[in-house]
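The file my_file.txt comes next; it holds compact mmCIF, C-alpha atoms and all ligand atoms.
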# COMPACT_ATOMS: atom_id res chain seq x y z
CA MET X 43 10.15 -3.11 4.63
CA LEU X 44 10.16 -6.29 6.69
CA GLU X 45 12.15 -4.58 9.47
CA LEU X 46 9.48 -1.87 9.67
CA LEU X 47 6.65 -4.40 9.67
CA ASN X 48 8.22 -6.67 12.29
CA ALA X 49 8.74 -3.73 14.64
CA ALA X 50 5.12 -2.69 14.10
CA LEU X 51 3.81 -6.20 14.70
CA ALA X 52 5.84 -6.52 17.90
CA ASP X 53 4.68 -3.17 19.26
CA GLY X 54 1.02 -3.21 18.19
CA TYR X 55 0.83 -0.54 15.50
CA ALA X 56 0.82 -0.61 11.68
CA VAL X 57 3.01 1.12 9.12
CA PRO X 58 0.92 3.17 6.69
CA ALA X 59 1.71 2.58 3.02
CA PHE X 60 0.79 5.60 0.91
CA CYS X 61 0.30 5.58 -2.83
CA ALA X 62 2.94 8.11 -3.97
CA TRP X 63 2.91 8.63 -7.71
CA ASN X 64 5.20 11.60 -8.21
CA ALA X 65 7.90 13.64 -6.52
CA GLU X 66 5.58 16.13 -4.84
CA ILE X 67 3.41 13.44 -3.26
CA MET X 68 6.57 11.68 -2.05
CA VAL X 69 7.80 14.94 -0.50
CA THR X 70 4.40 15.53 1.12
CA VAL X 71 4.31 12.03 2.66
CA LEU X 72 7.92 12.11 3.82
CA SER X 73 7.73 15.59 5.34
CA VAL X 74 4.60 14.77 7.33
CA ALA X 75 6.18 11.46 8.43
CA ALA X 76 9.40 13.22 9.46
CA ASP X 77 7.44 15.82 11.46
CA MET X 78 5.51 13.03 13.20
CA ARG X 79 8.54 10.73 13.57
CA ALA X 80 6.71 7.90 11.86
CA PRO X 81 8.00 5.09 9.64
CA VAL X 82 6.27 5.09 6.24
CA ILE X 83 6.04 3.15 3.04
CA LEU X 84 5.87 4.88 -0.34
CA MET X 85 4.18 2.64 -2.88
CA ASN X 86 3.19 2.68 -6.51
CA GLY X 87 2.47 0.20 -9.27
CA PRO X 88 1.26 -0.28 -12.84
CA PRO X 89 -1.31 2.59 -12.94
CA GLU X 90 1.33 5.01 -11.60
CA PHE X 91 3.95 3.61 -14.00
CA GLU X 92 1.84 5.17 -16.77
CA LEU X 93 3.09 8.47 -15.34
CA LEU X 94 6.69 7.48 -14.60
CA ALA X 95 8.40 4.15 -15.35
CA PRO X 96 9.75 2.14 -12.36
CA GLN X 97 13.32 3.13 -13.18
CA ASP X 98 12.49 6.85 -12.89
CA MET X 99 10.05 6.38 -10.00
CA GLY X 100 12.81 4.58 -8.05
CA ALA X 101 15.39 7.27 -8.84
CA VAL X 102 13.02 10.07 -7.76
CA ALA X 103 12.04 8.27 -4.53
CA HIS X 104 15.64 7.60 -3.55
CA ALA X 105 16.69 11.19 -4.30
CA VAL X 106 13.81 12.64 -2.29
CA ALA X 107 13.99 10.19 0.65
CA LYS X 108 17.64 11.08 1.31
CA ARG X 109 16.55 14.50 2.52
CA PHE X 110 14.31 13.17 5.30
CA SER X 111 15.60 11.42 8.39
CA VAL X 112 12.76 8.97 8.69
CA PRO X 113 12.68 5.22 8.01
CA ALA X 114 10.96 4.74 4.67
CA ALA X 115 10.46 1.82 2.31
CA LEU X 116 9.74 1.95 -1.42
CA HIS X 117 7.23 -0.69 -2.42
CA LEU X 118 5.88 -2.10 -5.67
CA ASP X 119 2.10 -2.27 -5.14
CA HIS X 120 0.02 -4.71 -7.19
CA GLY X 121 2.70 -5.65 -9.70
CA SER X 122 0.82 -7.61 -12.35
CA ALA X 123 3.71 -9.33 -14.15
CA LEU X 124 7.09 -10.80 -13.20
CA GLU X 125 8.58 -8.10 -15.40
CA HIS X 126 7.39 -5.45 -12.90
CA VAL X 127 9.27 -7.27 -10.14
CA GLN X 128 12.46 -7.31 -12.20
CA GLN X 129 12.10 -3.63 -13.11
CA CYS X 130 11.52 -2.60 -9.51
CA LEU X 131 14.38 -4.69 -8.15
CA ALA X 132 16.65 -2.98 -10.69
CA ALA X 133 15.23 0.41 -9.66
CA GLY X 134 16.07 -0.03 -5.96
CA TYR X 135 12.60 -0.80 -4.55
CA THR X 136 12.93 -2.24 -1.05
CA SER X 137 9.82 -4.42 -1.28
CA VAL X 138 7.68 -5.89 -4.02
CA MET X 139 4.12 -7.15 -4.21
CA LEU X 140 3.22 -9.31 -7.16
CA ASP X 141 -0.57 -9.65 -7.21
CA TYR X 142 -1.60 -12.95 -8.77
CA SER X 143 -4.55 -13.25 -6.40
CA ALA X 144 -7.10 -13.42 -9.23
CA ARG X 145 -5.24 -16.33 -10.84
CA PRO X 146 -5.30 -20.04 -9.99
CA PHE X 147 -3.63 -20.99 -6.68
CA ALA X 148 -0.78 -22.90 -8.36
CA ASP X 149 0.08 -19.95 -10.66
CA ASN X 150 0.02 -17.54 -7.73
CA VAL X 151 2.36 -19.82 -5.74
CA ALA X 152 4.78 -20.36 -8.63
CA ALA X 153 5.08 -16.65 -9.43
CA LEU X 154 5.56 -15.55 -5.82
CA LYS X 155 8.10 -18.29 -5.23
CA GLN X 156 10.05 -16.95 -8.19
CA THR X 157 9.66 -13.40 -6.84
CA ALA X 158 11.04 -14.45 -3.46
CA GLN X 159 13.98 -16.20 -5.13
CA TRP X 160 14.90 -12.97 -6.90
CA ALA X 161 14.12 -10.59 -4.04
CA HIS X 162 15.43 -12.28 -0.92
CA PRO X 163 19.13 -12.49 -1.89
CA ARG X 164 18.96 -8.70 -2.38
CA GLY X 165 17.36 -8.13 1.03
CA VAL X 166 14.09 -7.09 -0.59
CA THR X 167 10.79 -7.93 1.15
CA VAL X 168 8.02 -9.81 -0.69
CA GLU X 169 4.28 -9.37 -0.24
CA GLY X 170 1.78 -11.83 -1.68
CA GLU X 171 -2.01 -12.00 -1.65
CA ILE X 172 -4.23 -15.04 -1.29
CA GLY X 173 -7.96 -14.74 -1.49
CA HIS X 174 -8.73 -11.61 -3.48
CA VAL X 175 -9.41 -8.01 -2.44
CA GLY X 176 -11.77 -6.54 -5.04
CA GLN X 177 -13.07 -3.04 -5.71
CA ALA X 178 -15.69 -0.97 -3.92
CA ASP X 179 -16.04 1.60 -6.73
CA THR X 180 -15.32 2.12 -10.42
CA VAL X 181 -12.67 4.82 -9.95
CA THR X 182 -9.88 2.88 -8.30
CA ALA X 183 -7.30 1.29 -10.59
CA GLU X 184 -6.36 -1.31 -7.97
CA GLY X 185 -7.57 -4.82 -7.32
CA GLY X 186 -10.29 -5.93 -9.69
CA GLY X 187 -13.82 -7.29 -9.64
CA ASP X 188 -15.35 -8.99 -6.64
CA SER X 189 -13.58 -10.13 -3.50
CA THR X 190 -12.89 -13.70 -2.41
CA LEU X 191 -12.23 -14.11 1.31
CA THR X 192 -8.88 -15.59 2.40
CA THR X 193 -9.16 -19.04 3.93
CA VAL X 194 -6.84 -20.21 6.71
CA ALA X 195 -5.93 -23.40 4.85
CA ASP X 196 -4.94 -21.47 1.70
CA ALA X 197 -2.95 -18.94 3.73
CA ILE X 198 -0.93 -21.62 5.52
CA GLN X 199 -0.10 -23.48 2.31
CA TYR X 200 0.59 -20.27 0.38
CA VAL X 201 3.03 -18.83 2.92
CA ALA X 202 4.83 -22.17 3.33
CA GLU X 203 5.21 -22.76 -0.42
CA THR X 204 6.09 -19.21 -1.55
CA GLY X 205 8.21 -17.91 1.33
CA VAL X 206 6.49 -14.49 1.21
CA ASP X 207 7.35 -12.15 4.10
CA ALA X 208 4.00 -10.36 4.35
CA LEU X 209 0.51 -11.48 3.39
CA ALA X 210 -2.35 -9.36 2.04
CA VAL X 211 -5.64 -10.77 3.26
CA SER X 212 -9.22 -10.44 2.10
CA ILE X 213 -11.47 -10.12 5.16
CA GLY X 214 -14.28 -7.89 3.89
CA ASN X 215 -12.01 -5.02 2.81
CA ALA X 216 -12.07 -3.55 -0.73
CA HIS X 217 -10.16 -0.98 -2.80
CA GLY X 218 -11.72 2.40 -3.49
CA GLN X 219 -14.45 4.47 -1.89
CA TYR X 220 -16.78 2.34 0.25
CA THR X 221 -20.45 3.03 -0.44
CA LYS X 222 -21.37 1.37 2.86
CA LEU X 223 -19.14 0.65 5.84
CA PRO X 224 -16.94 -2.43 5.39
CA GLN X 225 -17.86 -5.45 7.52
CA LEU X 226 -14.46 -6.79 8.48
CA ASP X 227 -14.39 -10.46 9.51
CA PHE X 228 -12.33 -10.17 12.69
CA GLN X 229 -12.76 -13.83 13.58
CA ARG X 230 -11.19 -14.81 10.27
CA LEU X 231 -8.39 -12.28 10.78
CA ALA X 232 -7.64 -13.68 14.25
CA GLU X 233 -7.44 -17.20 12.82
CA LEU X 234 -5.21 -16.09 9.95
CA HIS X 235 -2.90 -14.29 12.38
CA ALA X 236 -2.64 -17.34 14.63
CA ALA X 237 -2.02 -19.59 11.64
CA VAL X 238 0.65 -17.74 9.64
CA LYS X 239 2.44 -15.46 12.13
CA ILE X 240 3.97 -13.17 9.45
CA PRO X 241 2.85 -9.51 9.18
CA LEU X 242 -0.59 -9.20 7.55
CA VAL X 243 -1.53 -6.39 5.15
CA LEU X 244 -4.85 -4.57 4.91
CA HIS X 245 -5.48 -3.28 1.39
CA GLY X 246 -8.31 -0.82 0.79
CA GLY X 247 -7.52 1.31 3.84
CA SER X 248 -9.49 4.37 2.67
CA GLY X 249 -12.78 4.75 4.51
CA THR X 250 -12.03 2.14 7.19
CA PRO X 251 -13.45 3.38 10.52
CA PRO X 252 -10.59 4.09 13.01
CA SER X 253 -12.13 1.69 15.56
CA ASP X 254 -12.11 -1.17 13.03
CA LEU X 255 -8.58 -0.28 12.07
CA LYS X 256 -7.43 -0.42 15.68
CA ARG X 257 -9.05 -3.80 16.18
CA ALA X 258 -7.48 -5.18 12.97
CA ILE X 259 -4.05 -3.94 14.05
CA GLY X 260 -4.49 -5.83 17.32
CA LEU X 261 -5.09 -8.95 15.25
CA GLY X 262 -1.90 -8.90 13.17
CA ILE X 263 -2.36 -6.16 10.56
CA ALA X 264 1.06 -4.48 10.36
CA LYS X 265 0.72 -2.58 7.06
CA VAL X 266 -2.26 -0.56 5.88
CA ASN X 267 -2.51 0.59 2.25
CA VAL X 268 -4.05 3.97 1.53
CA ALA X 269 -4.60 5.39 -1.95
CA THR X 270 -8.15 6.60 -2.66
CA GLU X 271 -8.24 9.21 0.11
CA LEU X 272 -4.99 10.75 -1.20
CA VAL X 273 -6.14 10.73 -4.82
CA THR X 274 -9.50 12.22 -3.83
CA ALA X 275 -7.91 15.04 -1.79
CA LEU X 276 -5.71 15.93 -4.75
CA ARG X 277 -8.53 15.74 -7.30
CA GLN X 278 -10.89 17.83 -5.18
CA SER X 279 -8.22 20.48 -4.69
CA LEU X 280 -7.57 20.72 -8.44
CA GLU X 281 -11.29 20.81 -9.24
CA THR X 282 -11.95 23.56 -6.68
CA GLN X 283 -9.02 25.65 -7.83
CA TRP X 284 -9.88 25.44 -11.50
CA GLN X 285 -13.64 25.86 -11.10
CA SER X 286 -12.99 29.05 -9.14
CA GLY X 287 -10.41 30.31 -11.64
CA GLN X 288 -7.55 30.07 -9.13
CA ASN X 289 -4.02 28.97 -10.02
CA ARG X 290 -4.54 28.45 -13.70
CA TRP X 291 -0.76 28.28 -13.84
CA ALA X 292 -0.59 24.46 -13.51
CA PRO X 293 2.54 24.19 -11.32
CA LEU X 294 0.90 26.42 -8.69
CA ALA X 295 -2.27 24.35 -8.80
CA GLN X 296 -0.27 21.14 -8.42
CA ALA X 297 1.68 22.62 -5.51
CA ALA X 298 -1.53 23.57 -3.71
CA ALA X 299 -3.05 20.15 -4.46
CA ALA X 300 -0.03 18.30 -3.06
CA LYS X 301 -0.41 20.32 0.16
CA ALA X 302 -4.08 19.28 0.33
CA VAL X 303 -2.89 15.66 0.63
CA ALA X 304 -0.88 16.35 3.81
CA PRO X 305 -3.81 16.28 6.30
CA VAL X 306 -4.83 12.85 4.97
CA VAL X 307 -1.31 11.52 5.54
CA GLU X 308 -1.29 12.99 9.03
CA ARG X 309 -4.63 11.39 9.92
CA TRP X 310 -3.47 7.94 8.77
CA ILE X 311 -0.18 8.18 10.63
CA GLN X 312 -2.22 8.91 13.76
CA SER X 313 -4.82 6.22 13.26
CA THR X 314 -2.32 3.45 12.49
CA GLY X 315 -0.43 4.31 15.69
CA ALA X 316 2.77 4.94 13.69
CA ALA X 317 3.35 8.45 15.10
CA GLY X 318 6.43 8.69 17.32
CA ARG X 319 7.74 5.22 16.37
CA ALA X 320 10.74 6.40 14.32
P1 LIG X 401 -7.66 2.40 -1.09
O1 LIG X 401 -7.55 3.08 -2.41
O2 LIG X 401 -9.03 1.85 -0.84
O3 LIG X 401 -7.13 3.20 0.03
O4 LIG X 401 -6.73 1.08 -1.19
C1 LIG X 401 -5.38 1.24 -1.45
C2 LIG X 401 -4.69 -0.06 -1.64
O5 LIG X 401 -5.04 -1.07 -1.07
C3 LIG X 401 -3.53 -0.09 -2.53
O6 LIG X 401 -2.98 -1.35 -2.66
For this file, write the structure as structure tokens.
Ligand code: 13P
Amino acid sequence: MLELLNAALADGYAVPAFCAWNAEIMVTVLSVAADMRAPVILMNGPPEFELLAPQDMGAVAHAVAKRFSVPAALHLDHGSALEHVQQCLAAGYTSVMLDYSARPFADNVAALKQTAQWAHPRGVTVEGEIGHVGQADTVTAEGGGDSTLTTVADAIQYVAETGVDALAVSIGNAHGQYTKLPQLDFQRLAELHAAVKIPLVLHGGSGTPPSDLKRAIGLGIAKVNVATELVTALRQSLETQWQSGQNRWAPLAQAAAAKAVAPVVERWIQSTGAAGRA
């Protein structure tokens, strides 16, 4: 993943990271990315592991990705225990995020340092989070509670002590469906970018206005996480089909719902500037 992020940072775009929780969503993301010649990141984590364990998720992603000639990474998103890191490394994930951002600074540092020690010899990228990106709604299964903004001093110390390759920052962003437009702190982002140099990650991509996104990318955001908009497109498709009595044969409904996710993927590949970069 780091190769993809460094190229994006150097050329002023971001790589979209899409929550991909099963084979059909992976195929949808990869086929849109291949059509648009865009690098992409497939990501999933503990809520998605309820559906498929990391071992199986990794096997499915690798099998599917082989069919598409597009640079793609497979990322553990919001791992919540060191065990998730170990499971995903064994399953062939190419990057791992362990999210200890709600825990004390020293615990976060120690766990991410351990993660980097396991991941780096295998060429696997590590993402950490300092400050905390909370939730904007009660539907999302990611992040948790209220946000704490990332401070420059914490970011410098955290990156130096852990050796993480990419840093998730809290600058007014939140996971889930925004009820009012996010107020991103661009001054803080500029200072973080100047201070730590490594690719920065914007969690809570869904609902971010394209103009804000563009400005954030110009200030060091090289990876943008998107989940809620994909989940919502799928849920709405299933609800519409079943309320109208269409496709009561579940595989057909799921096939139609996976297709409903494609326009969302396309829009994010455009707005991150990733189109045509592969
Ligand atoms: P959204 O669900 O708000 O798009 O956030 C996704 C995310 O940050 C996953 O880590």
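With CA of Ala210 (chain X) on one side and CA of Leu242 (chain X) on the other, the separation reads 5.8 Å.
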- Message: What does the list of residues within 7 Å of ligand LIG 401 (chain X) look like if you count all atoms listed in the file, written as a count of residues only?
- Response: 19
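Compared by their closest atoms to Tyr220 (chain X), and using all atoms listed in the file, the residues X:Val69, X:Leu255, X:Val138, X:Val181 rank with X:Val181 nearest.
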- Message: Using all atoms listed in the file, which protein or nucleic acid residues come within 6 Å of region 299-303 of chain X? Drop anything in the same chain fewer than 2 positions from it, and give the result as a VMD selection string.
- Response: chain X and resid 67 272 275 to 276 279 296 to 297 305 to 306
Restricting the output to C-alpha atoms, write the selected residues as a PDB file, in the frame of the given file.
ATOM      1  CA  ILE X  67       3.410  13.440  -3.260  1.00  0.00           C
ATOM      2  CA  LEU X 272      -4.990  10.750  -1.200  1.00  0.00           C
ATOM      3  CA  ALA X 275      -7.910  15.040  -1.790  1.00  0.00           C
ATOM      4  CA  LEU X 276      -5.710  15.930  -4.750  1.00  0.00           C
ATOM      5  CA  SER X 279      -8.220  20.480  -4.690  1.00  0.00           C
ATOM      6  CA  GLN X 296      -0.270  21.140  -8.420  1.00  0.00           C
ATOM      7  CA  ALA X 297       1.680  22.620  -5.510  1.00  0.00           C
ATOM      8  CA  PRO X 305      -3.810  16.280   6.300  1.00  0.00           C
ATOM      9  CA  VAL X 306      -4.830  12.850   4.970  1.00  0.00           C
TER      10      VAL X 306
END
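Taking CA of Ser253 (chain X) and CA of Gly87 (chain X) as the two end points, the separation is 28.8 Å.
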- Message: At a cut-off of 6 Å, using all atoms listed in the file, what residues contact region 190-200 of chain X? Leave out same-chain residues fewer than 3 positions from it and give the result as JSON, numbers by chain.
- Response: {"X": [172, 173, 174, 203, 204, 211, 212, 213, 234, 238]}
- Message: When you look at Gly100 (chain X) with a cut-off of 7 Å (counting all atoms listed in the file), what residues show up, excluding the ones that are within fewer than 5 positions of it in the same chain? I need them as number ranges by chain.
- Response: X: 133-135
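When only C-alpha atoms are used to compute distances to Ala62 (chain X), the closest of the residues X:Met139, X:Ala264, X:Leu280, X:Val273 turns out to be X:Val273.
Between CA of Glu90 (chain X) and CA of Ala295 (chain X) lies a distance of 19.9 Å.
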Give one line per residue of region 74-163 of chain X that approaches region 46-52 of chain X to at most 12 Å, naming the two atoms of the closest pair and their distance in Å to one decimal, counting all atoms listed in the file; sort by chain then ascending residue number and deliver it as a Markdown table.
| residue | atom | partner | partner_atom | distance |
| --- | --- | --- | --- | --- |
| X:Ala80 | CA | X:Leu46 | CA | 10.4 |
| X:Pro81 | CA | X:Leu46 | CA | 7.1 |
| X:Val82 | CA | X:Leu46 | CA | 8.4 |
| X:Ile83 | CA | X:Leu46 | CA | 9.0 |
| X:Val112 | CA | X:Leu46 | CA | 11.4 |
| X:Pro113 | CA | X:Leu46 | CA | 8.0 |
| X:Ala114 | CA | X:Leu46 | CA | 8.4 |
| X:Ala115 | CA | X:Leu46 | CA | 8.3 |
| X:Leu116 | CA | X:Leu46 | CA | 11.7 |
| X:Thr136 | CA | X:Leu46 | CA | 11.3 |
| X:Ser137 | CA | X:Leu46 | CA | 11.2 |
- Can you tell me, as a list in words, what residues are no more than 12 Å from Thr221 (chain X) when counting only C-alpha atoms, ignoring any on the same chain fewer than 4 positions away? Gln177, Ala178, Asp179, Thr180, Ala216, His217, Gln225, Ser248, Gly249 and Thr250 of chain X
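In terms of minimum interatomic distance to Ile311 (chain X), X:Tyr55 ranks closest within X:Tyr55, X:Met43, X:Phe228, X:Val206, counting all atoms listed in the file.
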Is it possible to produce a file of region 249-261 of chain X from this structure, with N, CA, C and O atoms, as a short mmCIF file (atom, residue, chain, number, x, y, z; two decimals), in the first residue's frame?
data_model
loop_
_atom_site.label_atom_id
_atom_site.label_comp_id
_atom_site.auth_asym_id
_atom_site.auth_seq_id
_atom_site.Cartn_x
_atom_site.Cartn_y
_atom_site.Cartn_z
N GLY X 249 -19.69 11.64 2.41
CA GLY X 249 -20.34 12.93 2.68
C GLY X 249 -19.40 14.12 2.66
O GLY X 249 -19.84 15.25 2.84
N THR X 250 -18.09 13.89 2.45
CA THR X 250 -17.16 15.03 2.40
C THR X 250 -17.37 15.77 1.09
O THR X 250 -17.32 15.15 0.02
N PRO X 251 -17.60 17.10 1.12
CA PRO X 251 -17.78 17.82 -0.14
C PRO X 251 -16.52 17.71 -1.01
O PRO X 251 -15.41 17.79 -0.49
N PRO X 252 -16.69 17.50 -2.34
CA PRO X 252 -15.53 17.34 -3.23
C PRO X 252 -14.51 18.48 -3.12
O PRO X 252 -13.31 18.24 -3.22
N SER X 253 -14.99 19.71 -2.88
CA SER X 253 -14.04 20.83 -2.78
C SER X 253 -13.16 20.70 -1.53
O SER X 253 -11.96 20.96 -1.57
N ASP X 254 -13.75 20.24 -0.43
CA ASP X 254 -12.97 20.02 0.80
C ASP X 254 -11.97 18.88 0.59
O ASP X 254 -10.84 18.92 1.07
N LEU X 255 -12.45 17.87 -0.13
CA LEU X 255 -11.60 16.71 -0.38
C LEU X 255 -10.35 17.14 -1.16
O LEU X 255 -9.22 16.79 -0.83
N LYS X 256 -10.59 17.93 -2.19
CA LYS X 256 -9.50 18.40 -3.05
C LYS X 256 -8.48 19.21 -2.23
O LYS X 256 -7.27 19.02 -2.37
N ARG X 257 -9.00 20.06 -1.38
CA ARG X 257 -8.11 20.89 -0.57
C ARG X 257 -7.30 20.02 0.40
O ARG X 257 -6.10 20.22 0.59
N ALA X 258 -7.96 19.02 0.99
CA ALA X 258 -7.27 18.12 1.93
C ALA X 258 -6.19 17.31 1.21
O ALA X 258 -5.10 17.09 1.76
N ILE X 259 -6.47 16.90 -0.01
CA ILE X 259 -5.49 16.13 -0.79
C ILE X 259 -4.26 17.01 -1.07
O ILE X 259 -3.12 16.55 -1.01
N GLY X 260 -4.49 18.28 -1.32
CA GLY X 260 -3.38 19.21 -1.53
C GLY X 260 -2.54 19.43 -0.28
O GLY X 260 -1.43 19.95 -0.35
N LEU X 261 -3.08 19.01 0.86
CA LEU X 261 -2.37 19.20 2.14
C LEU X 261 -1.93 17.87 2.74
O LEU X 261 -1.83 17.74 3.96
#
